[in-house]
>>> print(open('input_5.cif').read())   # mmCIF, C-alpha atoms
data_entry
loop_
_atom_site.label_atom_id
_atom_site.label_comp_id
_atom_site.auth_asym_id
_atom_site.auth_seq_id
_atom_site.Cartn_x
_atom_site.Cartn_y
_atom_site.Cartn_z
CA ILE K 3 -37.13 -47.80 4.80
CA GLN K 4 -33.50 -48.78 5.26
CA ARG K 5 -32.40 -46.02 2.88
CA VAL K 6 -34.51 -43.50 4.79
CA ASN K 7 -32.93 -44.58 8.08
CA VAL K 8 -29.44 -44.32 6.60
CA GLY K 9 -30.25 -40.84 5.32
CA GLN K 10 -31.60 -39.75 8.70
CA ASN K 11 -28.48 -41.09 10.45
CA LYS K 12 -26.26 -39.13 8.07
CA VAL K 13 -28.27 -35.98 8.76
CA LYS K 14 -27.95 -36.54 12.53
CA LEU K 15 -24.20 -37.13 12.17
CA ALA K 16 -23.82 -33.98 10.08
CA LYS K 17 -25.74 -31.97 12.69
CA LYS K 18 -23.52 -33.35 15.47
CA ARG K 19 -20.40 -32.44 13.52
CA LEU K 20 -21.75 -28.96 12.81
CA GLN K 21 -22.58 -28.47 16.48
CA ALA K 22 -19.11 -29.67 17.47
CA CYS K 23 -17.57 -27.18 15.04
CA ASN K 24 -19.72 -24.34 16.41
CA ASP K 25 -18.79 -25.28 19.99
CA THR K 26 -15.10 -25.37 19.03
CA VAL K 27 -15.33 -21.94 17.41
CA LYS K 28 -16.95 -20.52 20.56
CA VAL K 29 -14.23 -22.00 22.77
CA LEU K 30 -11.48 -20.65 20.49
CA GLU K 31 -13.11 -17.20 20.47
CA LEU K 32 -13.21 -17.19 24.27
CA MET K 33 -9.56 -18.29 24.39
CA LEU K 34 -8.64 -15.52 21.92
CA GLN K 35 -10.52 -12.91 23.97
CA GLY K 36 -8.73 -14.05 27.12
CA TYR K 37 -5.33 -13.98 25.43
CA GLU K 38 -6.05 -10.58 23.85
CA TYR K 39 -7.05 -9.15 27.23
CA GLU K 40 -3.94 -10.55 28.91
CA PHE K 41 -1.63 -9.39 26.11
CA LYS K 42 -3.15 -5.89 26.06
CA LYS K 43 -2.74 -5.59 29.83
CA ASP K 44 0.90 -6.73 29.70
CA LEU K 45 1.60 -4.51 26.69
CA GLN K 46 0.13 -1.48 28.46
CA ASN K 47 2.33 -2.09 31.53
CA THR K 48 5.42 -2.50 29.38
CA MET K 49 4.51 0.56 27.34
CA ARG K 50 4.10 2.64 30.50
CA GLU K 51 7.50 1.48 31.69
CA SER K 52 9.05 2.45 28.34
CA PHE K 53 7.30 5.83 28.33
CA SER K 54 8.52 6.62 31.85
CA LYS K 55 12.12 5.78 30.90
CA ILE K 56 12.02 7.98 27.82
CA THR K 57 10.35 11.00 29.44
CA SER K 58 9.77 12.36 32.94
CA LEU K 59 6.28 13.68 32.15
CA PRO K 60 3.60 12.80 34.76
CA TYR K 61 1.46 11.09 32.11
CA PHE K 62 0.83 7.46 31.23
CA PRO K 63 -0.40 5.69 28.09
CA VAL K 64 -3.66 3.73 28.00
CA ILE K 65 -4.43 1.07 25.38
CA HIS K 66 -8.12 0.85 24.51
CA ASP K 67 -10.05 -2.25 23.42
CA ASP K 68 -9.41 -1.49 19.74
CA PHE K 69 -5.68 -1.07 20.54
CA THR K 70 -5.71 2.68 19.98
CA VAL K 71 -3.54 4.55 22.46
CA SER K 72 -4.26 7.68 24.50
CA LEU K 73 -2.10 9.72 26.83
CA MET K 74 -3.68 10.14 30.26
CA GLU K 75 -3.05 11.89 33.56
CA ASN K 76 -4.45 11.24 37.00
CA THR K 77 -5.72 14.39 38.68
CA SER K 78 -7.47 14.11 42.04
CA GLY K 79 -8.00 10.40 41.54
CA HIS K 80 -9.68 10.80 38.13
CA GLU K 81 -8.10 9.80 34.84
CA ALA K 82 -8.30 12.42 32.11
CA THR K 83 -7.09 12.44 28.52
CA VAL K 84 -4.14 14.70 27.78
CA PRO K 85 -3.92 16.42 24.36
CA ALA K 86 -0.61 14.94 23.19
CA SER K 87 1.85 17.16 21.35
CA THR K 88 3.55 16.00 18.16
CA GLY K 89 6.62 14.94 20.12
CA GLU K 90 4.55 13.07 22.71
CA LYS K 91 2.67 11.23 19.96
CA GLN K 92 6.02 10.19 18.51
CA VAL K 93 7.16 8.92 21.92
CA LEU K 94 3.86 7.01 22.27
CA SER K 95 4.43 5.36 18.89
CA VAL K 96 7.98 4.35 19.77
CA SER K 97 6.85 3.10 23.20
CA PHE K 98 4.12 1.00 21.56
CA ILE K 99 6.56 -0.61 19.09
CA LEU K 100 9.15 -1.30 21.79
CA GLY K 101 6.41 -2.70 24.03
CA LEU K 102 5.28 -5.09 21.30
CA ILE K 103 8.81 -6.41 20.87
CA GLU K 104 9.31 -6.86 24.61
CA GLU K 105 5.99 -8.64 25.11
CA VAL K 106 6.46 -10.97 22.14
CA LYS K 107 9.86 -11.92 23.57
CA ASN K 108 8.28 -12.59 26.96
CA HIS K 109 5.40 -14.62 25.54
CA VAL K 110 7.77 -16.74 23.44
CA LYS K 111 10.00 -17.29 26.46
CA GLU K 112 7.00 -18.38 28.54
CA LYS K 113 5.81 -20.54 25.61
CA LYS K 114 2.49 -18.71 25.39
CA ILE K 115 3.00 -18.42 21.63
CA ALA K 116 4.91 -20.68 19.26
CA ALA K 117 8.17 -19.53 17.69
CA GLN K 118 11.45 -20.93 16.53
CA SER K 119 14.06 -21.55 19.19
CA ASP K 120 16.20 -18.55 20.18
CA PRO K 121 14.45 -16.07 17.86
CA GLU K 122 16.01 -12.67 17.30
CA TYR K 123 14.02 -9.45 17.23
CA PRO K 124 15.47 -6.70 15.05
CA ILE K 125 13.82 -3.32 14.74
CA VAL K 126 14.02 -0.80 11.89
CA LEU K 127 12.97 2.79 12.61
CA ASP K 128 12.71 5.45 9.91
CA SER K 129 13.30 8.98 11.24
CA PRO K 130 12.06 8.35 14.81
CA PHE K 131 13.63 11.59 16.06
CA GLY K 132 12.21 14.01 13.48
CA ALA K 133 9.41 15.42 15.65
CA LEU K 134 11.22 15.15 18.99
CA GLY K 135 12.83 17.81 21.13
CA SER K 136 16.34 17.36 22.54
CA ILE K 137 15.18 15.69 25.79
CA TYR K 138 12.95 13.20 23.99
CA ARG K 139 15.68 12.45 21.45
CA THR K 140 18.11 11.51 24.19
CA GLY K 141 15.56 9.33 26.00
CA VAL K 142 14.46 7.46 22.87
CA ALA K 143 18.04 6.98 21.60
CA ARG K 144 19.21 5.55 24.92
CA TYR K 145 16.28 3.20 25.36
CA ILE K 146 15.73 1.72 21.88
CA PRO K 147 18.90 -0.46 21.71
CA SER K 148 18.12 -2.09 25.06
CA ILE K 149 14.95 -3.72 23.67
CA ALA K 150 15.80 -5.18 20.28
CA ASP K 151 18.57 -7.64 19.41
CA GLN K 152 19.50 -5.46 16.45
CA THR K 153 18.48 -1.87 15.82
CA ILE K 154 18.62 -0.09 12.47
CA ILE K 155 17.84 3.62 12.61
CA LEU K 156 17.45 5.70 9.47
CA VAL K 157 18.07 9.37 10.21
CA SER K 158 19.02 12.53 8.43
CA GLU K 159 22.33 14.23 9.10
CA THR K 160 20.70 16.81 11.37
CA GLN K 161 18.75 14.20 13.35
CA TRP K 162 21.93 12.24 14.04
CA ARG K 163 23.86 15.19 15.43
CA ASP K 164 24.38 16.01 19.09
CA GLU K 165 21.85 14.20 21.35
CA VAL K 166 21.35 11.04 19.28
CA GLU K 167 25.02 10.59 18.43
CA LYS K 168 26.08 11.10 22.06
CA ALA K 169 23.33 8.83 23.44
CA LEU K 170 24.29 5.97 21.12
CA SER K 171 28.07 6.36 21.37
CA SER K 172 28.33 3.88 24.27
CA TYR K 173 26.92 1.13 22.03
CA LYS K 174 29.70 1.73 19.47
CA PRO K 175 27.24 1.53 16.56
CA LYS K 176 28.19 0.98 12.96
CA VAL K 177 27.39 4.10 10.95
CA TYR K 178 26.59 4.14 7.26
CA CYS K 179 25.88 6.97 4.84
CA LEU K 180 23.33 6.76 2.05
CA THR K 181 24.39 8.91 -0.89
CA LYS K 182 21.84 9.94 -3.48
CA HIS K 183 23.07 9.95 -7.08
CA ASN K 184 20.86 12.39 -8.93
CA PRO K 185 21.23 13.35 -12.61
CA LYS K 186 19.24 16.54 -11.91
CA ALA K 187 21.53 17.72 -9.10
CA LYS K 188 23.17 21.04 -9.89
CA LYS K 189 26.00 20.48 -7.41
CA ASP K 190 27.24 17.95 -4.89
CA LEU K 191 25.85 18.18 -1.36
CA ILE K 192 28.42 17.52 1.33
CA GLY K 193 27.57 16.90 4.99
CA LYS K 194 29.45 16.03 8.14
CA ILE K 195 28.88 12.90 10.24
CA GLY K 196 31.11 12.75 13.28
CA ASN K 197 34.44 14.13 12.17
CA LYS K 198 34.10 13.01 8.56
CA GLU K 199 32.76 14.84 5.57
CA VAL K 200 30.47 12.66 3.45
CA ALA K 201 28.65 13.08 0.19
CA LEU K 202 24.89 13.24 0.76
CA GLN K 203 24.05 13.90 -2.88
CA VAL K 204 26.16 13.81 -6.02
CA LYS K 205 25.37 14.40 -9.67
CA SER K 206 25.08 11.19 -11.70
CA ASP K 207 25.37 10.81 -15.46
CA LYS K 208 22.07 9.19 -16.31
CA TYR K 209 20.21 7.27 -13.60
CA GLU K 210 18.98 8.12 -10.12
CA TYR K 211 20.02 5.68 -7.41
CA SER K 212 21.50 5.48 -3.91
CA SER K 213 24.73 3.97 -2.67
CA ILE K 214 25.74 3.02 0.86
CA MET K 215 29.12 3.45 2.51
CA GLU K 216 30.31 2.58 6.00
CA ILE K 217 31.83 5.51 7.84
#
>>> encode(input="input_5.cif", output="structure tokens")
Amino acid sequence: IQRVNVGQNKVKLAKKRLQACNDTVKVLELMLQGYEYEFKKDLQNTMRESFSKITSLPYFPVIHDDFTVSLMENTSGHEATVPASTGEKQVLSVSFILGLIEEVKNHVKEKKIAAQSDPEYPIVLDSPFGALGSIYRTGVARYIPSIADQTIILVSETQWRDEVEKALSSYKPKVYCLTKHNPKAKKDLIGKIGNKEVALQVKSDKYEYSSIMEI
């Protein structure tokens, strides 16, 4: 009888522990839902602010529950989806990334999420200007450095020219050139960055690789 009682007590204790675990999971899920809702709302506001600084279009981004993004307009008090062009989709993507960085910085500052003290937030963008017109290029180039602590932008020679170079000149950025060494190259490819001629591609003896040089 004593063994039976001990067994029953262990079963009751196990059930209590299981119930406590289930209750804890439910509470954590509710906390996560609340945090996700708050973060999405803040991110959407920050993203709209970024979008409005990059472009003067009368549209605004909306973040859905699954964190997909749509471009909307408000006509006669009714929100309607706008078919985004390739350039507008690119601006949406950049706005989303910049919004994430800004909101993470805010949440760390307000101690809503844990992070090391004085964290830095670099950003690396690969060809962010490729699908943008001249107006969008200027807006994106001017706004990106104001968000991240360090910005690394990978662009082609043609993407860097004119609008992007002028927009970033006030930041006095360091400029580097990646040169491709290609054994199959028939001739060297020379480009111009700023006032300097640089080698974009040169013929190598055996191996294909890239080298980097500060301009």
>>> resolve_selection(input="input_5.cif", expression="the PyMOL selection byres ((chain K and resi 155) around 7)", output="JSON, numbers by chain")
{"K": [126, 127, 128, 153, 154, 156, 157]}
>>> closest_residue(input="input_5.cif", among="K:Asn184, K:Ser72, K:Ser212, K:Thr140", to="K:Ser171", atoms="only C-alpha atoms")
K:Thr140
>>> atom_distance(input="input_5.cif", atom1="atom CA of K:Tyr178", atom2="atom CA of K:Leu202")
11.3 Å
>>> atom_distance(input="input_5.cif", atom1="atom CA of K:Pro63", atom2="atom CA of K:Glu165")
24.8 Å
>>> atom_distance(input="input_5.cif", atom1="atom CA of K:Lys168", atom2="atom CA of K:Tyr138")
13.4 Å
>>> resolve_selection(input="input_5.cif", expression="the PyMOL selection byres ((chain K and resi 56) around 10)", output="list of chain:residue names")
K:Arg50, K:Glu51, K:Ser52, K:Phe53, K:Ser54, K:Lys55, K:Thr57, K:Ser58, K:Leu59, K:Val93, K:Leu94, K:Val96, K:Ser97, K:Ile137, K:Tyr138, K:Arg139, K:Thr140, K:Gly141, K:Val142, K:Ala143, K:Arg144, K:Tyr145, K:Ile146
>>> residues_around(input="input_5.cif", residues="K:His66", least_positions_apart="6", cutoff="10 Å", atoms="all atoms listed in the file", output="compact mmCIF listing (two decimals) with C-alpha atoms, in the coordinates of the input")
# COMPACT_ATOMS: atom_id res chain seq x y z
CA LYS K 42 -3.15 -5.89 26.06
CA LYS K 43 -2.74 -5.59 29.83
CA GLN K 46 0.13 -1.48 28.46
CA SER K 72 -4.26 7.68 24.50
>>> residues_near_point(input="input_5.cif", point="(14.6, 13.5, 15.1)", cutoff="8 Å", atoms="all atoms listed in the file", output="ChimeraX atom specification")
/K:129-135,139,157,160-162
>>> closest_residue(input="input_5.cif", among="K:Glu159, K:Ala16, K:Met215, K:Leu102", to="K:Leu191", atoms="all atoms listed in the file")
K:Glu159
>>> closest_residue(input="input_5.cif", among="K:Ala22, K:Val84, K:Ser158, K:Glu210", to="K:Lys194", atoms="only C-alpha atoms")
K:Ser158
>>> closest_residue(input="input_5.cif", among="K:Asp25, K:Asp190, K:Asp68, K:Asp164", to="K:Gln203", atoms="all atoms listed in the file")
K:Asp190
>>> closest_residue(input="input_5.cif", among="K:Lys111, K:Arg163, K:His183, K:Lys176", to="K:Asp207", atoms="only C-alpha atoms")
K:His183
>>> axis_aligned_box(input="input_5.cif", around="stretch 191-210 of chain K", padding_each_side="6 Å", output="AutoDock Vina command-line options")
--center_x 26.7 --center_y 12.7 --center_z -1.5 --size_x 27.5 --size_y 22.9 --size_z 41.6
>>> closest_residue(input="input_5.cif", among="K:Ala150, K:Val13, K:Leu170, K:Val106", to="K:Asp44", atoms="only C-alpha atoms")
K:Val106
>>> resolve_selection(input="input_5.cif", expression="the PyMOL selection byres ((chain K and resi 105) around 8)", output="list in words")
Phe41, Asp44, Leu45, Thr48, Gly101, Leu102, Ile103, Glu104, Val106, Lys107, Asn108 and His109 of chain K
>>> decode(input="input_5.cif", residues="stretch 57-107 of chain K", atoms="N, CA and C atoms", output="PDB file, in the first residue's frame")
ATOM      1  N   THR K  57      11.700  59.121 -50.424  1.00  0.00           N
ATOM      2  CA  THR K  57      10.890  59.483 -51.585  1.00  0.00           C
ATOM      3  C   THR K  57       9.739  60.391 -51.177  1.00  0.00           C
ATOM      4  N   SER K  58       9.258  61.180 -52.120  1.00  0.00           N
ATOM      5  CA  SER K  58       8.140  62.085 -51.857  1.00  0.00           C
ATOM      6  C   SER K  58       6.807  61.515 -52.349  1.00  0.00           C
ATOM      7  N   LEU K  59       6.780  60.234 -52.687  1.00  0.00           N
ATOM      8  CA  LEU K  59       5.544  59.612 -53.171  1.00  0.00           C
ATOM      9  C   LEU K  59       4.478  59.607 -52.076  1.00  0.00           C
ATOM     10  N   PRO K  60       3.202  59.773 -52.450  1.00  0.00           N
ATOM     11  CA  PRO K  60       2.120  59.807 -51.450  1.00  0.00           C
ATOM     12  C   PRO K  60       1.670  58.413 -51.017  1.00  0.00           C
ATOM     13  N   TYR K  61       2.614  57.500 -50.865  1.00  0.00           N
ATOM     14  CA  TYR K  61       2.307  56.129 -50.468  1.00  0.00           C
ATOM     15  C   TYR K  61       2.917  55.853 -49.100  1.00  0.00           C
ATOM     16  N   PHE K  62       2.521  54.735 -48.505  1.00  0.00           N
ATOM     17  CA  PHE K  62       3.085  54.352 -47.216  1.00  0.00           C
ATOM     18  C   PHE K  62       3.133  52.827 -47.126  1.00  0.00           C
ATOM     19  N   PRO K  63       4.171  52.296 -46.501  1.00  0.00           N
ATOM     20  CA  PRO K  63       4.295  50.838 -46.360  1.00  0.00           C
ATOM     21  C   PRO K  63       3.446  50.311 -45.215  1.00  0.00           C
ATOM     22  N   VAL K  64       2.944  49.092 -45.381  1.00  0.00           N
ATOM     23  CA  VAL K  64       2.181  48.399 -44.345  1.00  0.00           C
ATOM     24  C   VAL K  64       2.809  47.026 -44.122  1.00  0.00           C
ATOM     25  N   ILE K  65       3.080  46.699 -42.859  1.00  0.00           N
ATOM     26  CA  ILE K  65       3.644  45.392 -42.515  1.00  0.00           C
ATOM     27  C   ILE K  65       2.513  44.487 -42.043  1.00  0.00           C
ATOM     28  N   HIS K  66       2.349  43.352 -42.707  1.00  0.00           N
ATOM     29  CA  HIS K  66       1.275  42.424 -42.365  1.00  0.00           C
ATOM     30  C   HIS K  66       1.698  41.497 -41.220  1.00  0.00           C
ATOM     31  N   ASP K  67       0.768  40.670 -40.765  1.00  0.00           N
ATOM     32  CA  ASP K  67       1.034  39.803 -39.616  1.00  0.00           C
ATOM     33  C   ASP K  67       2.199  38.844 -39.859  1.00  0.00           C
ATOM     34  N   ASP K  68       2.384  38.428 -41.117  1.00  0.00           N
ATOM     35  CA  ASP K  68       3.493  37.525 -41.426  1.00  0.00           C
ATOM     36  C   ASP K  68       4.767  38.284 -41.797  1.00  0.00           C
ATOM     37  N   PHE K  69       4.771  39.601 -41.545  1.00  0.00           N
ATOM     38  CA  PHE K  69       5.895  40.497 -41.786  1.00  0.00           C
ATOM     39  C   PHE K  69       6.212  40.673 -43.265  1.00  0.00           C
ATOM     40  N   THR K  70       5.270  40.353 -44.145  1.00  0.00           N
ATOM     41  CA  THR K  70       5.395  40.784 -45.536  1.00  0.00           C
ATOM     42  C   THR K  70       4.992  42.256 -45.601  1.00  0.00           C
ATOM     43  N   VAL K  71       5.497  42.944 -46.630  1.00  0.00           N
ATOM     44  CA  VAL K  71       5.287  44.387 -46.722  1.00  0.00           C
ATOM     45  C   VAL K  71       4.572  44.733 -48.018  1.00  0.00           C
ATOM     46  N   SER K  72       3.594  45.623 -47.922  1.00  0.00           N
ATOM     47  CA  SER K  72       2.880  46.120 -49.100  1.00  0.00           C
ATOM     48  C   SER K  72       2.949  47.640 -49.125  1.00  0.00           C
ATOM     49  N   LEU K  73       2.867  48.188 -50.316  1.00  0.00           N
ATOM     50  CA  LEU K  73       2.821  49.635 -50.489  1.00  0.00           C
ATOM     51  C   LEU K  73       1.361  50.036 -50.655  1.00  0.00           C
ATOM     52  N   MET K  74       0.924  51.008 -49.850  1.00  0.00           N
ATOM     53  CA  MET K  74      -0.486  51.387 -49.830  1.00  0.00           C
ATOM     54  C   MET K  74      -0.648  52.877 -50.109  1.00  0.00           C
ATOM     55  N   GLU K  75      -1.873  53.245 -50.482  1.00  0.00           N
ATOM     56  CA  GLU K  75      -2.252  54.646 -50.595  1.00  0.00           C
ATOM     57  C   GLU K  75      -3.632  54.814 -49.977  1.00  0.00           C
ATOM     58  N   ASN K  76      -3.918  56.020 -49.552  1.00  0.00           N
ATOM     59  CA  ASN K  76      -5.204  56.309 -48.921  1.00  0.00           C
ATOM     60  C   ASN K  76      -6.006  57.232 -49.828  1.00  0.00           C
ATOM     61  N   THR K  77      -6.996  56.665 -50.493  1.00  0.00           N
ATOM     62  CA  THR K  77      -7.838  57.438 -51.394  1.00  0.00           C
ATOM     63  C   THR K  77      -9.252  57.489 -50.837  1.00  0.00           C
ATOM     64  N   SER K  78      -9.730  58.685 -50.596  1.00  0.00           N
ATOM     65  CA  SER K  78     -11.089  58.895 -50.078  1.00  0.00           C
ATOM     66  C   SER K  78     -11.321  58.149 -48.768  1.00  0.00           C
ATOM     67  N   GLY K  79     -10.285  58.089 -47.940  1.00  0.00           N
ATOM     68  CA  GLY K  79     -10.432  57.453 -46.641  1.00  0.00           C
ATOM     69  C   GLY K  79     -10.332  55.948 -46.660  1.00  0.00           C
ATOM     70  N   HIS K  80     -10.006  55.355 -47.798  1.00  0.00           N
ATOM     71  CA  HIS K  80      -9.891  53.895 -47.911  1.00  0.00           C
ATOM     72  C   HIS K  80      -8.476  53.534 -48.348  1.00  0.00           C
ATOM     73  N   GLU K  81      -7.875  52.603 -47.623  1.00  0.00           N
ATOM     74  CA  GLU K  81      -6.540  52.141 -47.978  1.00  0.00           C
ATOM     75  C   GLU K  81      -6.611  51.146 -49.134  1.00  0.00           C
ATOM     76  N   ALA K  82      -5.723  51.325 -50.096  1.00  0.00           N
ATOM     77  CA  ALA K  82      -5.687  50.431 -51.253  1.00  0.00           C
ATOM     78  C   ALA K  82      -4.246  50.096 -51.584  1.00  0.00           C
ATOM     79  N   THR K  83      -4.025  48.860 -52.015  1.00  0.00           N
ATOM     80  CA  THR K  83      -2.676  48.419 -52.364  1.00  0.00           C
ATOM     81  C   THR K  83      -2.229  49.061 -53.665  1.00  0.00           C
ATOM     82  N   VAL K  84      -0.977  49.489 -53.697  1.00  0.00           N
ATOM     83  CA  VAL K  84      -0.396  50.102 -54.885  1.00  0.00           C
ATOM     84  C   VAL K  84       0.558  49.102 -55.537  1.00  0.00           C
ATOM     85  N   PRO K  85       0.405  48.833 -56.840  1.00  0.00           N
ATOM     86  CA  PRO K  85       1.369  47.957 -57.519  1.00  0.00           C
ATOM     87  C   PRO K  85       2.743  48.629 -57.539  1.00  0.00           C
ATOM     88  N   ALA K  86       3.665  48.147 -56.737  1.00  0.00           N
ATOM     89  CA  ALA K  86       4.976  48.781 -56.604  1.00  0.00           C
ATOM     90  C   ALA K  86       5.855  48.478 -57.806  1.00  0.00           C
ATOM     91  N   SER K  87       6.552  49.501 -58.279  1.00  0.00           N
ATOM     92  CA  SER K  87       7.507  49.313 -59.369  1.00  0.00           C
ATOM     93  C   SER K  87       8.767  48.640 -58.813  1.00  0.00           C
ATOM     94  N   THR K  88       9.684  48.296 -59.695  1.00  0.00           N
ATOM     95  CA  THR K  88      10.928  47.670 -59.263  1.00  0.00           C
ATOM     96  C   THR K  88      11.708  48.589 -58.330  1.00  0.00           C
ATOM     97  N   GLY K  89      11.759  49.867 -58.679  1.00  0.00           N
ATOM     98  CA  GLY K  89      12.453  50.835 -57.833  1.00  0.00           C
ATOM     99  C   GLY K  89      11.791  51.006 -56.487  1.00  0.00           C
ATOM    100  N   GLU K  90      10.457  51.038 -56.477  1.00  0.00           N
ATOM    101  CA  GLU K  90       9.728  51.196 -55.209  1.00  0.00           C
ATOM    102  C   GLU K  90       9.897  49.978 -54.315  1.00  0.00           C
ATOM    103  N   LYS K  91       9.960  48.781 -54.926  1.00  0.00           N
ATOM    104  CA  LYS K  91      10.213  47.577 -54.139  1.00  0.00           C
ATOM    105  C   LYS K  91      11.607  47.630 -53.502  1.00  0.00           C
ATOM    106  N   GLN K  92      12.566  48.169 -54.254  1.00  0.00           N
ATOM    107  CA  GLN K  92      13.915  48.300 -53.720  1.00  0.00           C
ATOM    108  C   GLN K  92      13.937  49.272 -52.547  1.00  0.00           C
ATOM    109  N   VAL K  93      13.207  50.383 -52.676  1.00  0.00           N
ATOM    110  CA  VAL K  93      13.127  51.362 -51.587  1.00  0.00           C
ATOM    111  C   VAL K  93      12.437  50.744 -50.375  1.00  0.00           C
ATOM    112  N   LEU K  94      11.406  49.935 -50.600  1.00  0.00           N
ATOM    113  CA  LEU K  94      10.728  49.237 -49.498  1.00  0.00           C
ATOM    114  C   LEU K  94      11.700  48.315 -48.766  1.00  0.00           C
ATOM    115  N   SER K  95      12.500  47.586 -49.524  1.00  0.00           N
ATOM    116  CA  SER K  95      13.462  46.668 -48.916  1.00  0.00           C
ATOM    117  C   SER K  95      14.485  47.420 -48.068  1.00  0.00           C
ATOM    118  N   VAL K  96      15.014  48.503 -48.618  1.00  0.00           N
ATOM    119  CA  VAL K  96      15.985  49.313 -47.873  1.00  0.00           C
ATOM    120  C   VAL K  96      15.340  49.914 -46.635  1.00  0.00           C
ATOM    121  N   SER K  97      14.102  50.409 -46.772  1.00  0.00           N
ATOM    122  CA  SER K  97      13.388  51.002 -45.638  1.00  0.00           C
ATOM    123  C   SER K  97      13.153  49.971 -44.543  1.00  0.00           C
ATOM    124  N   PHE K  98      12.864  48.732 -44.940  1.00  0.00           N
ATOM    125  CA  PHE K  98      12.622  47.664 -43.966  1.00  0.00           C
ATOM    126  C   PHE K  98      13.902  47.355 -43.187  1.00  0.00           C
ATOM    127  N   ILE K  99      15.017  47.246 -43.901  1.00  0.00           N
ATOM    128  CA  ILE K  99      16.306  46.946 -43.253  1.00  0.00           C
ATOM    129  C   ILE K  99      16.701  48.078 -42.313  1.00  0.00           C
ATOM    130  N   LEU K 100      16.585  49.311 -42.787  1.00  0.00           N
ATOM    131  CA  LEU K 100      16.951  50.451 -41.947  1.00  0.00           C
ATOM    132  C   LEU K 100      16.023  50.555 -40.735  1.00  0.00           C
ATOM    133  N   GLY K 101      14.742  50.221 -40.940  1.00  0.00           N
ATOM    134  CA  GLY K 101      13.798  50.231 -39.831  1.00  0.00           C
ATOM    135  C   GLY K 101      14.151  49.203 -38.773  1.00  0.00           C
ATOM    136  N   LEU K 102      14.572  48.016 -39.207  1.00  0.00           N
ATOM    137  CA  LEU K 102      14.980  46.973 -38.268  1.00  0.00           C
ATOM    138  C   LEU K 102      16.144  47.440 -37.403  1.00  0.00           C
ATOM    139  N   ILE K 103      17.143  48.050 -38.045  1.00  0.00           N
ATOM    140  CA  ILE K 103      18.303  48.531 -37.301  1.00  0.00           C
ATOM    141  C   ILE K 103      17.892  49.584 -36.281  1.00  0.00           C
ATOM    142  N   GLU K 104      17.066  50.529 -36.716  1.00  0.00           N
ATOM    143  CA  GLU K 104      16.641  51.616 -35.830  1.00  0.00           C
ATOM    144  C   GLU K 104      15.842  51.084 -34.646  1.00  0.00           C
ATOM    145  N   GLU K 105      14.941  50.145 -34.891  1.00  0.00           N
ATOM    146  CA  GLU K 105      14.110  49.622 -33.816  1.00  0.00           C
ATOM    147  C   GLU K 105      14.891  48.745 -32.849  1.00  0.00           C
ATOM    148  N   VAL K 106      15.830  47.965 -33.351  1.00  0.00           N
ATOM    149  CA  VAL K 106      16.676  47.170 -32.455  1.00  0.00           C
ATOM    150  C   VAL K 106      17.475  48.095 -31.551  1.00  0.00           C
ATOM    151  N   LYS K 107      18.010  49.182 -32.120  1.00  0.00           N
ATOM    152  CA  LYS K 107      18.746  50.152 -31.309  1.00  0.00           C
ATOM    153  C   LYS K 107      17.847  50.750 -30.229  1.00  0.00           C
TER     154      LYS K 107
END
